[in-house]
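Below: the structure, in structure tokens.
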Amino acid sequence: MLALKIILILLGLAFSLFGYFIYFKKKYFLINGFEKDFQAGRKTERYAKIVGLVEWIFGIACLLAGIVLILLI
């Protein structure tokens with residue numbers, strides 16, 4: 001159970017940081033191949049913001065799940 005808590009916390013931190021940098025700081029180079037696809041017209045800035053938001057929300061959810069597990073078990 002300890003391993004699950006550690007994995008959830010680390011995943012939550014990683015996803016929330018990447019999501020934060022993509023969504024709020026507009027560091028789109030963190031999305032694999034985005035700049036090349038953006039220049040070719042296959043991806044838009046809206047796509048990058050959605051990816052960042054999804055990662056940020058998923059990261060927060062993992063962090064909260066890890067914290068709840070620590071507090072309850």
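Ordering of the structure tokens sets the chain letters (A, B, ...); residue numbers start at 1 within each chain; ligands are numbered from 1 in the order shown.
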
Check: Hey, what does DSSP flag as alpha helix (DSSP H) within chain A? Can you give it to me as number ranges by chain?
Finding: A: 2-23, 34-40, 45-72

Could those residues be written to a file, using C-alpha atoms, as a short mmCIF file (atom, residue, chain, number, x, y, z; two decimals), in the first residue's frame?
```cif
data_model
loop_
_atom_site.label_atom_id
_atom_site.label_comp_id
_atom_site.auth_asym_id
_atom_site.auth_seq_id
_atom_site.Cartn_x
_atom_site.Cartn_y
_atom_site.Cartn_z
CA LEU A 2 2.94 2.30 0.67
CA ALA A 3 4.09 1.89 -2.93
CA LEU A 4 0.64 2.91 -4.21
CA LYS A 5 0.70 6.06 -2.10
CA ILE A 6 4.17 7.02 -3.32
CA ILE A 7 3.27 6.34 -6.96
CA LEU A 8 0.07 8.38 -6.72
CA ILE A 9 1.87 11.33 -5.14
CA LEU A 10 4.70 11.26 -7.70
CA LEU A 11 2.32 10.90 -10.64
CA GLY A 12 0.19 13.70 -9.27
CA LEU A 13 3.17 15.99 -8.93
CA ALA A 14 4.46 15.20 -12.41
CA PHE A 15 1.12 15.60 -14.16
CA SER A 16 0.14 18.72 -12.28
CA LEU A 17 3.48 20.40 -12.98
CA PHE A 18 3.42 19.52 -16.67
CA GLY A 19 -0.20 20.60 -16.93
CA TYR A 20 0.56 23.86 -15.14
CA PHE A 21 3.47 24.67 -17.42
CA ILE A 22 1.50 23.83 -20.56
CA TYR A 23 -1.81 25.48 -19.63
CA PHE A 34 3.36 19.88 -31.05
CA GLU A 35 5.52 22.64 -32.51
CA LYS A 36 6.06 20.73 -35.75
CA ASP A 37 2.35 19.92 -36.06
CA PHE A 38 1.40 23.49 -35.13
CA GLN A 39 3.56 24.92 -37.90
CA ALA A 40 2.09 22.42 -40.36
CA GLU A 45 -3.25 26.38 -29.62
CA ARG A 46 -6.67 25.31 -28.33
CA TYR A 47 -5.53 21.68 -28.55
CA ALA A 48 -2.46 22.47 -26.46
CA LYS A 49 -4.53 24.26 -23.82
CA ILE A 50 -6.92 21.29 -23.58
CA VAL A 51 -4.00 18.88 -23.18
CA GLY A 52 -2.53 21.08 -20.45
CA LEU A 53 -5.84 21.38 -18.63
CA VAL A 54 -6.48 17.64 -18.73
CA GLU A 55 -2.99 16.90 -17.39
CA TRP A 56 -3.36 19.52 -14.66
CA ILE A 57 -6.75 18.18 -13.50
CA PHE A 58 -5.53 14.56 -13.63
CA GLY A 59 -2.46 15.54 -11.60
CA ILE A 60 -4.54 17.23 -8.93
CA ALA A 61 -6.85 14.20 -8.77
CA CYS A 62 -3.87 11.85 -8.27
CA LEU A 63 -2.41 14.12 -5.61
CA LEU A 64 -5.69 14.27 -3.74
CA ALA A 65 -6.13 10.50 -3.98
CA GLY A 66 -2.64 9.97 -2.59
CA ILE A 67 -3.25 12.39 0.27
CA VAL A 68 -6.58 10.77 1.11
CA LEU A 69 -4.93 7.35 1.16
CA ILE A 70 -2.21 8.64 3.46
CA LEU A 71 -4.74 10.14 5.85
CA LEU A 72 -7.19 7.21 5.88
#
```
